[in-house]
Every structure is written in C-alpha cells, then in structure tokens.
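Engineer: File follows, structure_39.cif with mmCIF, C-alpha atoms and all ligand atoms:
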```cif
data_data
loop_
_atom_site.label_atom_id
_atom_site.label_comp_id
_atom_site.auth_asym_id
_atom_site.auth_seq_id
_atom_site.Cartn_x
_atom_site.Cartn_y
_atom_site.Cartn_z
CA MET A 191 37.29 98.49 -1.80
CA SER A 192 37.75 94.89 -2.82
CA GLU A 193 35.40 93.09 -5.17
CA ILE A 194 34.22 90.91 -2.30
CA ALA A 195 33.26 93.94 -0.28
CA THR A 196 31.34 95.46 -3.16
CA GLY A 197 29.55 92.19 -3.77
CA LEU A 198 28.30 92.05 -0.22
CA TRP A 199 26.81 95.45 -0.47
CA ASP A 200 23.42 96.13 -1.94
CA ASP A 201 23.94 99.20 -4.02
CA ALA A 202 20.27 100.07 -4.35
CA ALA A 203 19.59 99.92 -0.62
CA ARG A 204 22.61 102.01 0.16
CA ARG A 205 21.60 104.67 -2.34
CA ARG A 206 18.10 104.78 -0.92
CA LEU A 207 19.40 105.44 2.58
CA VAL A 208 21.68 108.19 1.30
CA ARG A 209 18.83 109.65 -0.73
CA LEU A 210 16.55 109.59 2.28
CA CYS A 211 19.09 111.62 4.25
CA GLU A 212 19.48 113.98 1.34
CA ARG A 213 15.76 114.49 1.16
CA LEU A 214 15.53 115.08 4.90
CA THR A 215 18.24 117.72 4.93
CA GLY A 216 18.32 119.04 1.42
CA ASP A 217 22.11 118.70 1.57
CA ARG A 218 23.63 116.30 -0.93
CA HIS A 219 27.13 116.55 0.51
CA ALA A 220 26.08 115.89 4.09
CA ALA A 221 23.82 113.00 3.13
CA GLU A 222 26.53 110.33 2.97
CA ASP A 223 27.90 111.24 6.39
CA LEU A 224 24.40 111.25 7.82
CA ALA A 225 23.61 107.86 6.30
CA GLN A 226 26.75 106.57 7.98
CA GLU A 227 25.68 108.04 11.31
CA THR A 228 22.28 106.43 10.82
CA LEU A 229 23.84 103.00 10.39
CA LEU A 230 26.03 103.43 13.45
CA GLU A 231 23.04 104.50 15.48
CA ALA A 232 21.00 101.59 14.13
CA TRP A 233 23.69 99.13 15.25
CA ARG A 234 23.78 100.78 18.66
CA ASN A 235 20.02 100.36 19.02
CA ALA A 236 19.57 97.06 17.24
CA HIS A 237 18.46 95.38 20.49
CA LYS A 238 15.44 97.71 20.61
CA LEU A 239 14.11 96.41 17.35
CA HIS A 240 11.62 93.80 18.51
CA ASP A 241 9.30 93.79 15.57
CA PRO A 242 11.18 93.15 12.35
CA THR A 243 8.14 94.13 10.31
CA GLY A 244 8.65 97.69 11.52
CA ALA A 245 12.30 97.74 10.56
CA ASP A 246 11.94 100.13 7.68
CA HIS A 247 10.05 102.69 9.75
CA TRP A 248 12.55 102.19 12.50
CA LEU A 249 15.55 103.01 10.33
CA ALA A 250 13.74 105.93 8.72
CA ALA A 251 12.99 107.27 12.22
CA ILE A 252 16.64 106.98 13.18
CA ALA A 253 17.66 108.75 9.98
CA ARG A 254 15.19 111.52 10.82
CA ASN A 255 16.66 111.96 14.31
CA VAL A 256 20.19 111.98 12.99
CA CYS A 257 19.33 114.52 10.29
CA LEU A 258 17.41 116.71 12.72
CA ARG A 259 20.31 116.70 15.18
CA TRP A 260 22.67 117.62 12.36
CA ALA A 261 20.46 120.50 11.23
CA ARG A 262 20.21 121.84 14.78
CA SER A 263 23.95 121.61 15.36
CA ARG A 264 24.39 123.80 12.31
CA GLY A 265 21.82 126.28 13.51
CA ARG A 266 19.73 125.36 10.51
CA GLU A 267 16.01 125.21 10.74
CA PRO A 268 15.02 124.50 7.20
CA ALA A 269 11.34 124.34 6.48
CA ARG A 270 11.41 120.68 5.65
CA LEU A 271 12.76 119.78 9.09
CA ASP A 272 10.12 121.88 10.81
CA VAL A 273 7.66 119.80 8.92
CA PHE A 274 9.21 116.59 10.18
CA GLU A 275 9.37 117.86 13.71
CA ALA A 276 5.70 118.67 13.67
CA GLY A 277 5.07 115.17 12.49
CA ALA A 278 3.31 116.57 9.47
CA LEU A 279 4.78 113.99 7.21
CA ALA A 280 1.66 113.36 5.26
CA ASP A 281 2.99 114.31 1.89
CA ARG A 282 6.36 112.69 2.36
CA GLY A 283 5.39 109.77 4.53
CA ALA A 284 4.66 107.47 1.67
CA ASP A 285 8.01 108.22 0.10
CA VAL A 286 9.87 107.49 3.29
CA GLU A 287 8.19 104.14 3.69
CA HIS A 288 9.22 103.17 0.24
CA GLU A 289 12.77 104.29 0.74
CA LEU A 290 13.78 101.14 2.54
CA GLU A 291 12.27 97.73 2.16
CA ARG A 292 12.51 95.54 5.21
CA SER A 293 14.49 92.81 3.52
CA GLU A 294 16.96 95.38 2.32
CA LEU A 295 17.51 96.75 5.79
CA VAL A 296 19.00 93.52 7.10
CA GLU A 297 21.22 93.35 4.09
CA LEU A 298 22.20 96.95 4.57
CA LEU A 299 23.33 96.52 8.15
CA ASP A 300 24.93 93.11 7.69
CA GLY A 301 26.48 94.12 4.42
CA ALA A 302 28.05 97.21 5.95
CA LEU A 303 29.55 95.21 8.81
CA GLY A 304 30.69 92.42 6.54
CA SER A 305 32.37 94.80 4.15
CA LEU A 306 34.61 96.41 6.73
CA THR A 307 38.07 95.08 7.48
CA PRO A 308 38.13 93.01 10.71
CA GLU A 309 40.16 95.71 12.44
CA ALA A 310 37.67 98.43 11.55
CA ARG A 311 34.71 96.23 12.44
CA GLU A 312 36.17 95.45 15.84
CA VAL A 313 36.61 99.09 16.92
CA LEU A 314 33.35 100.31 15.38
CA VAL A 315 31.30 97.59 17.04
CA ARG A 316 33.02 98.10 20.39
CA ARG A 317 32.53 101.83 20.22
CA TYR A 318 29.09 102.15 18.64
CA VAL A 319 27.32 98.92 19.45
CA HIS A 320 28.73 98.18 22.91
CA GLU A 321 29.37 101.87 23.60
CA SER A 322 32.80 101.22 25.12
CA THR A 323 34.96 104.25 25.83
CA HIS A 324 38.22 104.87 23.96
CA ALA A 325 40.11 103.94 27.12
CA GLU A 326 38.27 100.63 27.45
CA ILE A 327 38.89 99.72 23.83
CA ALA A 328 42.54 100.71 24.15
CA ALA A 329 42.94 98.48 27.21
CA PHE A 330 41.18 95.57 25.49
CA LEU A 331 43.24 95.79 22.32
CA GLY A 332 46.47 96.66 24.11
CA VAL A 333 47.04 99.82 22.08
CA SER A 334 47.11 103.54 22.90
CA GLU A 335 43.97 105.68 22.97
CA ASP A 336 45.38 107.67 20.07
CA ALA A 337 45.60 104.44 18.12
CA VAL A 338 41.96 103.72 18.94
CA SER A 339 40.91 107.17 17.69
CA MET A 340 42.91 106.57 14.55
CA ARG A 341 41.31 103.16 13.93
CA LEU A 342 37.87 104.59 14.57
CA SER A 343 38.38 107.36 12.08
CA ARG A 344 39.75 104.87 9.54
CA GLY A 345 36.75 102.63 10.13
CA LYS A 346 34.42 105.53 9.53
CA VAL A 347 36.27 106.34 6.33
CA GLN A 348 35.72 102.75 5.18
CA LEU A 349 32.08 102.90 6.09
CA ARG A 350 31.67 106.15 4.27
CA ARG A 351 33.27 104.72 1.15
CA LEU A 352 30.70 101.94 1.25
CA LEU A 353 27.97 104.50 1.41
CA ALA A 354 29.34 106.63 -1.40
CA PRO A 355 27.72 105.56 -4.64
CA GLN A 356 30.23 103.85 -6.90
CA LEU A 357 30.68 106.73 -9.28
CA GLY A 358 28.19 109.53 -8.84
CA GLY A 359 28.79 110.38 -5.17
CA GLU A 360 32.44 111.26 -5.32
CA ASP A 361 33.85 114.25 -7.03
CA ARG A 362 36.15 112.93 -9.72
CA ARG A 363 37.51 114.98 -12.54
CA GLU A 364 40.38 115.35 -14.90
CA THR A 365 42.85 118.09 -14.04
CA ARG A 366 45.07 120.06 -16.42
CA ILE A 367 48.19 118.57 -14.87
CA TRP A 368 50.11 116.06 -16.97
CA CYS A 369 51.21 112.86 -15.31
CA ALA A 370 54.91 113.12 -14.47
CA GLY A 371 55.22 109.35 -14.79
CA CYS A 372 54.18 108.87 -18.41
CA GLY A 373 53.66 112.41 -19.73
CA ARG A 374 50.78 111.06 -21.82
CA ARG A 375 47.69 111.42 -19.63
CA LYS A 376 46.36 114.10 -17.32
CA LEU A 377 45.95 113.43 -13.63
CA VAL A 378 42.49 112.68 -12.32
CA GLN A 379 41.55 114.30 -9.04
CA ARG A 380 39.25 112.45 -6.70
CA LYS A 381 37.75 114.44 -3.86
CA GLU A 382 36.06 112.91 -0.85
CA ALA A 383 35.31 114.28 2.59
CA GLU A 384 38.33 112.49 4.05
CA ALA A 385 40.86 112.65 1.26
CA ILE A 386 41.95 114.26 -1.94
CA SER A 387 43.89 112.06 -4.28
CA PHE A 388 45.41 112.35 -7.72
CA HIS A 389 46.26 109.51 -10.02
CA CYS A 390 47.04 108.86 -13.66
CA PRO A 391 44.51 106.65 -15.43
CA GLY A 392 47.29 105.39 -17.71
CA CYS A 393 49.90 104.43 -15.11
CA ASP A 394 49.90 101.63 -12.56
CA VAL A 395 47.92 102.42 -9.45
CA GLY A 396 50.16 104.11 -6.94
CA SER A 397 53.08 104.58 -9.29
CA LEU A 398 53.22 108.33 -8.86
CA SER A 399 49.90 109.11 -7.31
CA HIS A 400 49.30 111.61 -4.55
CA HIS A 401 47.07 111.14 -1.56
CA VAL A 402 46.16 113.82 0.97
CA ASP A 403 44.62 112.44 4.15
CA LEU A 404 42.14 115.07 5.30
CA THR A 405 41.34 113.17 8.52
CA ASN A 406 44.78 114.35 9.63
CA PRO A 407 44.17 117.94 10.83
CA PHE A 408 47.66 118.88 9.68
CA PHE A 409 46.84 118.16 6.05
CA GLU A 410 43.39 119.64 6.34
CA ARG A 411 45.06 122.90 7.41
CA LEU A 412 47.68 122.56 4.68
CA VAL A 413 45.05 122.25 1.97
CA ASP A 414 42.82 124.77 3.74
CA GLY A 415 39.95 124.35 1.33
CA ALA A 416 42.06 125.09 -1.75
CA ALA A 417 40.13 124.01 -4.82
CA ARG A 418 42.72 124.27 -7.58
CA PRO A 419 44.62 121.01 -8.13
CA THR A 420 47.86 122.90 -8.83
CA THR A 421 47.52 124.70 -5.48
CA VAL A 422 46.88 121.48 -3.57
CA LEU A 423 49.76 119.64 -5.23
CA GLY A 424 52.05 122.67 -4.89
CA ARG A 425 51.47 122.89 -1.14
CA LEU A 426 51.90 119.15 -0.78
CA ALA A 427 55.18 119.23 -2.72
CA ALA A 428 56.50 122.15 -0.66
CA TRP A 429 55.63 120.39 2.59
CA SER A 430 57.12 117.08 1.51
CA ARG A 431 60.34 118.77 0.42
CA ARG A 432 60.73 120.38 3.85
CA TYR A 433 59.65 117.34 5.82
CA PHE A 434 61.91 114.87 4.04
CA ALA A 435 64.80 117.25 3.31
CA GLY A 436 67.14 115.55 5.75
CA GLY A 437 66.61 112.07 4.34
CA THR A 438 66.37 109.26 6.88
CA GLY A 439 66.53 110.20 10.56
CA THR A 440 64.06 111.53 13.07
CA GLY A 441 61.19 113.93 12.59
CA SER A 442 57.93 114.70 14.28
CA CYS A 443 54.53 113.19 13.57
CA THR A 444 52.34 115.56 11.54
CA ALA A 445 49.29 114.53 13.56
CA CYS A 446 50.34 114.09 17.20
CA GLY A 447 53.77 115.70 17.26
CA GLU A 448 55.53 112.66 18.76
CA GLN A 449 59.01 111.87 17.49
CA VAL A 450 59.00 109.52 14.51
CA GLU A 451 61.66 107.63 12.62
CA ILE A 452 61.93 108.61 8.99
CA GLY A 453 63.11 105.51 7.17
CA LEU A 454 63.41 104.01 3.73
CA ASP A 455 60.04 103.06 2.30
CA PRO A 456 59.95 99.27 2.06
CA GLU A 457 57.54 99.37 -0.88
CA ARG A 458 59.27 101.71 -3.32
CA PRO A 459 62.33 103.96 -3.55
CA GLY A 460 61.47 106.79 -1.19
CA LEU A 461 60.95 107.74 2.43
CA ARG A 462 58.32 106.90 4.96
CA ALA A 463 57.57 107.90 8.55
CA VAL A 464 55.20 105.81 10.66
CA CYS A 465 54.11 107.12 14.04
CA ALA A 466 54.27 104.47 16.76
CA SER A 467 51.94 106.48 18.92
CA CYS A 468 49.01 107.37 16.62
CA GLU A 469 49.75 104.95 13.75
CA ARG A 470 49.56 107.61 11.07
CA SER A 471 52.09 107.44 8.31
CA VAL A 472 53.37 109.81 5.65
CA SER A 473 55.54 108.92 2.73
CA SER A 474 57.02 110.22 -0.47
CA SER A 475 58.49 108.35 -3.38
CA LEU A 476 61.85 109.47 -4.67
CA ARG A 477 60.19 110.83 -7.79
CA GLY A 478 57.71 112.66 -5.55
CA LEU A 479 60.65 114.24 -3.69
CA ALA A 480 62.21 115.30 -6.98
CA CYS A 481 58.87 116.76 -8.09
CA GLY A 482 59.01 119.26 -5.22
CA LEU A 483 62.44 120.67 -6.11
CA PRO A 484 62.25 124.25 -7.42
CA GLU A 485 64.46 123.37 -10.42
CA VAL A 486 62.18 120.49 -11.39
CA ARG A 487 59.07 122.56 -10.86
CA ALA A 488 60.44 125.31 -13.09
CA LEU A 489 61.24 122.81 -15.83
CA ARG A 490 57.77 121.28 -15.60
CA ARG A 491 56.16 124.70 -15.75
CA ALA A 492 58.05 125.38 -18.98
CA HIS A 493 57.43 121.85 -20.29
CA PRO A 494 54.26 120.52 -18.67
CA ARG A 495 54.66 117.06 -20.20
CA ALA A 496 58.18 116.53 -18.91
CA ARG A 497 58.55 113.07 -17.36
CA LEU A 498 60.36 111.94 -14.25
CA VAL A 499 62.37 108.75 -14.62
CA LEU A 500 64.48 106.82 -12.15
CA LEU A 501 67.91 106.14 -13.64
CA GLY A 502 69.98 103.17 -12.56
CA ASP A 503 72.28 103.44 -9.60
CA VAL A 504 75.29 105.69 -10.03
CA GLU A 505 78.23 106.92 -7.99
CA HIS A 506 78.20 110.60 -7.13
CA GLU A 507 81.55 111.76 -5.73
CA GLY A 508 82.11 108.28 -4.35
CA VAL A 509 78.63 107.96 -2.81
CA PRO A 510 76.27 105.28 -4.15
CA SER A 511 73.32 107.30 -5.47
CA THR A 512 70.08 107.18 -7.36
CA VAL A 513 69.27 109.74 -10.01
CA VAL A 514 65.80 111.06 -10.79
CA ARG A 515 65.81 112.68 -14.21
CA CYS A 516 63.16 115.14 -15.29
CA GLU A 517 63.25 115.37 -19.05
CA ALA A 518 61.36 117.11 -21.82
CA LEU A 519 62.54 114.98 -24.73
CA LEU A 520 61.51 117.11 -27.70
CA ALA A 521 62.76 120.32 -26.13
CA GLY A 522 65.98 118.62 -25.10
CA ALA A 523 65.65 120.00 -21.58
CA ARG A 524 66.49 118.05 -18.48
CA ILE A 525 67.34 118.24 -14.79
CA ASP A 526 68.98 115.49 -12.75
CA ALA A 527 68.37 115.20 -9.02
CA VAL A 528 70.92 113.00 -7.26
CA PHE A 529 69.95 111.29 -4.00
CA ALA A 530 72.25 109.26 -1.73
CA ARG A 531 71.00 105.69 -1.84
CA ASP A 532 71.43 104.87 1.84
CA ASN A 533 69.65 107.88 3.37
CA MET A 534 67.84 109.51 0.40
CA ARG A 535 69.45 112.86 1.09
CA LEU A 536 69.64 115.20 -1.90
CA LEU A 537 73.26 115.47 -3.07
CA ALA A 538 73.01 117.53 -6.21
CA VAL A 539 70.60 119.08 -8.70
CA GLY A 540 71.67 120.12 -12.17
CA SER A 541 71.33 119.66 -15.87
ZN ZN B 601 50.81 108.40 -16.24
ZN ZN B 602 51.45 110.47 15.68
#
```
Give the structure from the file, written as structure tokens.

Structural biologist:
Amino acid sequence: MSEIATGLWDDAARRRLVRLCERLTGDRHAAEDLAQETLLEAWRNAHKLHDPTGADHWLAAIARNVCLRWARSRGREPARLDVFEAGALADRGADVEHELERSELVELLDGALGSLTPEAREVLVRRYVHESTHAEIAAFLGVSEDAVSMRLSRGKVQLRRLLAPQLGGEDRRETRIWCAGCGRRKLVQRKEAEAISFHCPGCDVGSLSHHVDLTNPFFERLVDGAARPTTVLGRLAAWSRRYFAGGTGTGSCTACGEQVEIGLDPERPGLRAVCASCERSVSSSLRGLACGLPEVRALRRAHPRARLVLLGDVEHEGVPSTVVRCEALLAGARIDAVFARDNMRLLAVGS
C-alpha cells in the first residue's frame, strides 16, 4: 500500500469496524473479511441512507446482518448472535453506538474507495454499488469474464489489506530459514487470508522473496494448509522446478488451464508466464529456479547459510549461459547451476 493510500485511511475508524465485527462473531480471523463485506454492502445501499445522523447505527446494522449471515452459513449459532437476533442488545447497544462516529463513517467509506487503485475501484463499484453482472462488466470493459473475476478478487484483496491493521492484524513472524540472498538474516513469513509471502528484512524488497497467491485455487491446494515455512517453500520450489523445467515455451495456466507463453521475465533474470485469458501470472527468478534443484537443496540443508549468487555471463559448451552459484564460503562447498541465457533451460549442475 502506498503512503498516499495509508494517509487517506483513518486507522482508528477502520479498527473500530473490524473490532465491531469481531465482537459480533467472536472470531478474530473472520472479522476483517466481514468488515470488508460490510463496506461493500454499505456502498451498495448508500442510496438508502437518507438521514446522515443515523449513519453510525446504519453501518452497525449492516455489520450485524453481515455477521449473522456469516454465522448461519457456517451453521454456527453462537449465543451472542442469538442475543442480537432477539434484539436484546441492551448490554451491548451502547458499545455498538460508540464503535463508529458519524463523521468517521464518511471517511471510512470514502477513504476505502479513494485508497483502491482505479482499476479495482471501477470493478468493485460496478459490481457492488451498481450490481452489474460479471458479463455486463466484461462487456463494458472489453475484457473476458474471467478477467473480471480476477480483477474483483484483486480488488477485494486490496480492500482487505486496507482493513487489516497495519501491524497487529497480519500474522508476521521470523522463520528459521536463512535468506539465500545474503545469508545474514532469516526470512520473515507474512500470512494473510489471500497470500503467504516470505522476504528478507535485510535484502531489497523482491530480491529473492517468495509470494504464494492463495486466491489462485491451484496454490491454495498446493499449500493445503501447511503451517511450516519449510513445507510451504519446499512445495513451492518443487512446483516451480517442474513448471519452469523446459525454460521458455508454452505451458498451461495454473488457474484456468488455458495455454500460456512462458517467457523471459522483463524485470529480472528469470521466467514468467502471464495468462491472457484470466490475467494471472506466475514467475520465478533464476536464483529461485536454482533454489529448487535437489543438489542446491541438499547443499543448503547441510549449510543453511549458503548464499545464491548470480555469476557473470559465461559460455557453456558454446552456449551463452548464466551461472547461479550456491556457496557456503567457510565450508568451501559450492554448486553451480548453469542456465542457457536465451531460454533459461538448465544445462548443467555440478560443483
Ligand atoms: Zn537477505
Ligand atoms: Zn488463466
């Protein structure tokens, strides 16, 4: 999220809405999603709000409906929701009223809209405020319905990030895995409902970070609820090694199964596949590809702080190549992985 976006957003109001949902359901993890649903529903019904002085009650009522629906869909009938249903809010009523001040509500709704990217705002407003169908939005924007679904889910991810408290709401912790870029810091795992990512706090953002998009059912199945960072990264590495084994060429989209072009990543040495049909993309840096090789994995198991470095361009049996070296300096151990420069196919692995 950019600084501008954060600035537009009133942190206190956002937290109060999330907390209200938490209190209504007793579920801290569901609360952020439910707060998001509440905002979407509020936008959809904004025309019904005639009396702005009742705005806080109005939003609280929407939050209650959303939370109640959620509880029912899960077959939950917790005591606190029975209480709400019966309208016996006496003991909590006062709290709810104080959850959201009227002036904050306007800021909350406007801030949320203003903080989204224009693309996300466009699809979310068309879908949730004007209640257009996917087909209608697709026709209007001149894109496929799959692309609309994709943009909607991305928009909801953005919205959810806005609702997640800056630090407390996300699950962020240091793992026991050393960064393969610098070998000096341990990777930090960040877990959200839509993604699991790993990065090194000491290296440049994105240098050798890993991102698992859980909105893509393929990756959700791949991770399959695994909690251990080594398991998640191990599965990701194994998949990426298979998927990108042939270097550039054609493959199939992990999400929709359509044929995709696997090409050179324009942003860094590595491979990338972008699906023209659903707009999802997957990529791996060259160092990421090397990380998945069994030889490199074995060396890193023996020497957990071994680093991966990109060596300058070389010729391998007459083919212009790039070498990724995994080295444990003190132990004097190393493995070189040689990739053809034009198609990123693995040519050789050895010490
Ligand atoms: Zn690092
Ligand atoms: Zn696709």

Engineer: Go through A:Asp336, A:Glu227, A:Glu451, A:Glu364 and flag the residue nearest ligand ZN 602 (chain B), using all atoms listed in the file for the distances.

Structural biologist: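 Ranking A:Asp336, A:Glu227, A:Glu451, A:Glu364 by distance to ligand ZN 602 (chain B), first place goes to A:Asp336.
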
Engineer: What residues of the protein or nucleic acid chains come within 7 Å of ligand ZN 601 (chain B) when you use only C-alpha atoms and all ligand atoms? Reply as an NGL selection string.

Structural biologist: :A and (369-375 or 390-393)

Engineer: Residues within 10 Å of ligand ZN 602 (chain B) (only C-alpha atoms and all ligand atoms), as a list of chain:residue names?

Structural biologist: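 The distance check yields A:Asp336, A:Ala337, A:Met340, A:Asn406, A:Ser442, A:Cys443, A:Thr444, A:Ala445, A:Cys446, A:Gly447, A:Glu448, A:Gln449, A:Val450, A:Ala463, A:Val464, A:Cys465, A:Ala466, A:Ser467, A:Cys468, A:Glu469, A:Arg470, A:Ser471.
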
Engineer: One decimal, in Å: what's the spacing between atom CA of A:Arg487 and atom CA of A:Ser430?

Structural biologist: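 One can read the atom CA of A:Arg487 to atom CA of A:Ser430 distance as 13.7 Å.
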
Engineer: From the set A:Leu214, A:Ala328, A:Val514, A:Leu537, which residue has the shortest atom-to-atom contact distance to A:Arg259, counting only C-alpha atoms?

Structural biologist: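 Looking only at the distances to A:Arg259, the closest residue turns out to be A:Leu214.
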
Engineer: Can you pull out the residues contacting A:Leu342? Cut-off 9 Å, using all atoms listed in the file, and skip same-chain residues under 3 positions away; I want them as a ChimeraX atom specification.

Structural biologist: /A:310,313-314,317,337-339,345-347

Engineer: Near stretch 506-509 of chain A, counting all atoms listed in the file, which residues have an atom at most 12 Å away, once you skip same-chain residues fewer than 5 positions from it, shown as a list of chain:residue names?

Structural biologist: A:Asp526, A:Ala527, A:Val528, A:Phe529, A:Ala530, A:Arg531, A:Asp532, A:Asn533, A:Met534, A:Arg535, A:Leu536, A:Leu537, A:Ala538, A:Val539

Engineer: Would you put the residues from that selection into a file with C-alpha atoms, as a compact mmCIF listing (two decimals), in the frame of the given file?

Structural biologist:
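Okay, part_24.txt is ready:
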```txt
# COMPACT_ATOMS: atom_id res chain seq x y z
CA ASP A 526 68.98 115.49 -12.75
CA ALA A 527 68.37 115.20 -9.02
CA VAL A 528 70.92 113.00 -7.26
CA PHE A 529 69.95 111.29 -4.00
CA ALA A 530 72.25 109.26 -1.73
CA ARG A 531 71.00 105.69 -1.84
CA ASP A 532 71.43 104.87 1.84
CA ASN A 533 69.65 107.88 3.37
CA MET A 534 67.84 109.51 0.40
CA ARG A 535 69.45 112.86 1.09
CA LEU A 536 69.64 115.20 -1.90
CA LEU A 537 73.26 115.47 -3.07
CA ALA A 538 73.01 117.53 -6.21
CA VAL A 539 70.60 119.08 -8.70
```

Engineer: Let me make sure I understand: among A:Leu331, A:Arg254, A:Ala416, A:Ala518, which one has the smallest atom-to-atom distance to A:Ala232 if we use only C-alpha atoms?

Structural biologist: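 Smallest distance to A:Ala232 is found for A:Arg254.
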
Engineer: Which residues, protein or nucleic acid, reach to within 7 Å of (69.8, 108.1, -9.5) in the file's coordinates when using all atoms listed in the file, and can you give that as a list of chain:residue names?

Structural biologist: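 Result, sorted by chain then residue number: A:Leu500, A:Leu501, A:Gly502, A:Asp503, A:Val504, A:Ser511, A:Thr512, A:Val513, A:Val514, A:Val528, A:Phe529.
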
Engineer: Export, as a PDB file, keeping the file's coordinate frame, the selected residues with C-alpha atoms.

Structural biologist:
```
ATOM      1  CA  LEU A 500      64.480 106.820 -12.150  1.00  0.00           C
ATOM      2  CA  LEU A 501      67.910 106.140 -13.640  1.00  0.00           C
ATOM      3  CA  GLY A 502      69.980 103.170 -12.560  1.00  0.00           C
ATOM      4  CA  ASP A 503      72.280 103.440  -9.600  1.00  0.00           C
ATOM      5  CA  VAL A 504      75.290 105.690 -10.030  1.00  0.00           C
ATOM      6  CA  SER A 511      73.320 107.300  -5.470  1.00  0.00           C
ATOM      7  CA  THR A 512      70.080 107.180  -7.360  1.00  0.00           C
ATOM      8  CA  VAL A 513      69.270 109.740 -10.010  1.00  0.00           C
ATOM      9  CA  VAL A 514      65.800 111.060 -10.790  1.00  0.00           C
ATOM     10  CA  VAL A 528      70.920 113.000  -7.260  1.00  0.00           C
ATOM     11  CA  PHE A 529      69.950 111.290  -4.000  1.00  0.00           C
TER      12      PHE A 529
END
```

Engineer: Around (40.7, 121.0, 2.9), as given in the file, which residues come within 9 Å? Count all atoms listed in the file and list them as a PyMOL selection string.

Structural biologist: chain A and resi 383-386+404+409-417+422

Engineer: Just give me the gap between atom CA of A:Trp233 and atom CA of A:Ser334 in Å, one decimal is fine.

Structural biologist: 25.0 Å

Engineer: Find the distance between atom CA of A:Glu485 and atom CA of A:Arg425 and write it in Å to one decimal.

Structural biologist: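 Taking atom CA of A:Glu485 as the start and atom CA of A:Arg425 as the end point, the length is 16.0 Å.
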
Engineer: Find the spatial neighbours of stretch 460-462 of chain A, counting only C-alpha atoms, within a cut-off of 9 Å - ignore same-chain residues fewer than 4 positions away - and output them as an MDAnalysis selection string.

Structural biologist: chainID A and resid 434 437:438 451:456 471:479 533:534

Engineer: Save out the residues we just selected, C-alpha atoms, as a PDB file, keeping the file's coordinate frame.

Structural biologist:
```pdb
ATOM      1  CA  PHE A 434      61.910 114.870   4.040  1.00  0.00           C
ATOM      2  CA  GLY A 437      66.610 112.070   4.340  1.00  0.00           C
ATOM      3  CA  THR A 438      66.370 109.260   6.880  1.00  0.00           C
ATOM      4  CA  GLU A 451      61.660 107.630  12.620  1.00  0.00           C
ATOM      5  CA  ILE A 452      61.930 108.610   8.990  1.00  0.00           C
ATOM      6  CA  GLY A 453      63.110 105.510   7.170  1.00  0.00           C
ATOM      7  CA  LEU A 454      63.410 104.010   3.730  1.00  0.00           C
ATOM      8  CA  ASP A 455      60.040 103.060   2.300  1.00  0.00           C
ATOM      9  CA  PRO A 456      59.950  99.270   2.060  1.00  0.00           C
ATOM     10  CA  SER A 471      52.090 107.440   8.310  1.00  0.00           C
ATOM     11  CA  VAL A 472      53.370 109.810   5.650  1.00  0.00           C
ATOM     12  CA  SER A 473      55.540 108.920   2.730  1.00  0.00           C
ATOM     13  CA  SER A 474      57.020 110.220  -0.470  1.00  0.00           C
ATOM     14  CA  SER A 475      58.490 108.350  -3.380  1.00  0.00           C
ATOM     15  CA  LEU A 476      61.850 109.470  -4.670  1.00  0.00           C
ATOM     16  CA  ARG A 477      60.190 110.830  -7.790  1.00  0.00           C
ATOM     17  CA  GLY A 478      57.710 112.660  -5.550  1.00  0.00           C
ATOM     18  CA  LEU A 479      60.650 114.240  -3.690  1.00  0.00           C
ATOM     19  CA  ASN A 533      69.650 107.880   3.370  1.00  0.00           C
ATOM     20  CA  MET A 534      67.840 109.510   0.400  1.00  0.00           C
TER      21      MET A 534
END
```

Engineer: Identify, on the basis of all atoms listed in the file, every residue whose closest approach to A:Thr228 does not exceed 7 Å; exclude the query and any residue fewer than 5 positions from it along the same chain; express the result as a PyMOL selection string.

Structural biologist: chain A and resi 252-253+256

Engineer: Skip A:Glu231 itself and residues of its chain fewer than 6 positions away, then list as a ChimeraX atom specification all residues within 12 Å of it, counting only C-alpha atoms.

Structural biologist: /A:224-225,237-238,248-257,299,314-315,317-321

Engineer: From the list A:Glu222, A:Ser541, A:Ala480, A:Val499, which residue is nearest A:Leu210 when using only C-alpha atoms?

Structural biologist: A:Glu222

Engineer: Please determine, counting all atoms listed in the file, which residue among A:Ala428, A:Arg262, A:Arg311, A:Arg205 has the shortest atom-to-atom distance to A:Leu230.

Structural biologist: A:Arg311

Engineer: Considering all atoms listed in the file, can you say which of A:Ala435, A:Leu377, A:Leu207, A:Leu306 comes closest to A:Leu423?

Structural biologist: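 Selected residue with least distance to A:Leu423: A:Leu377.
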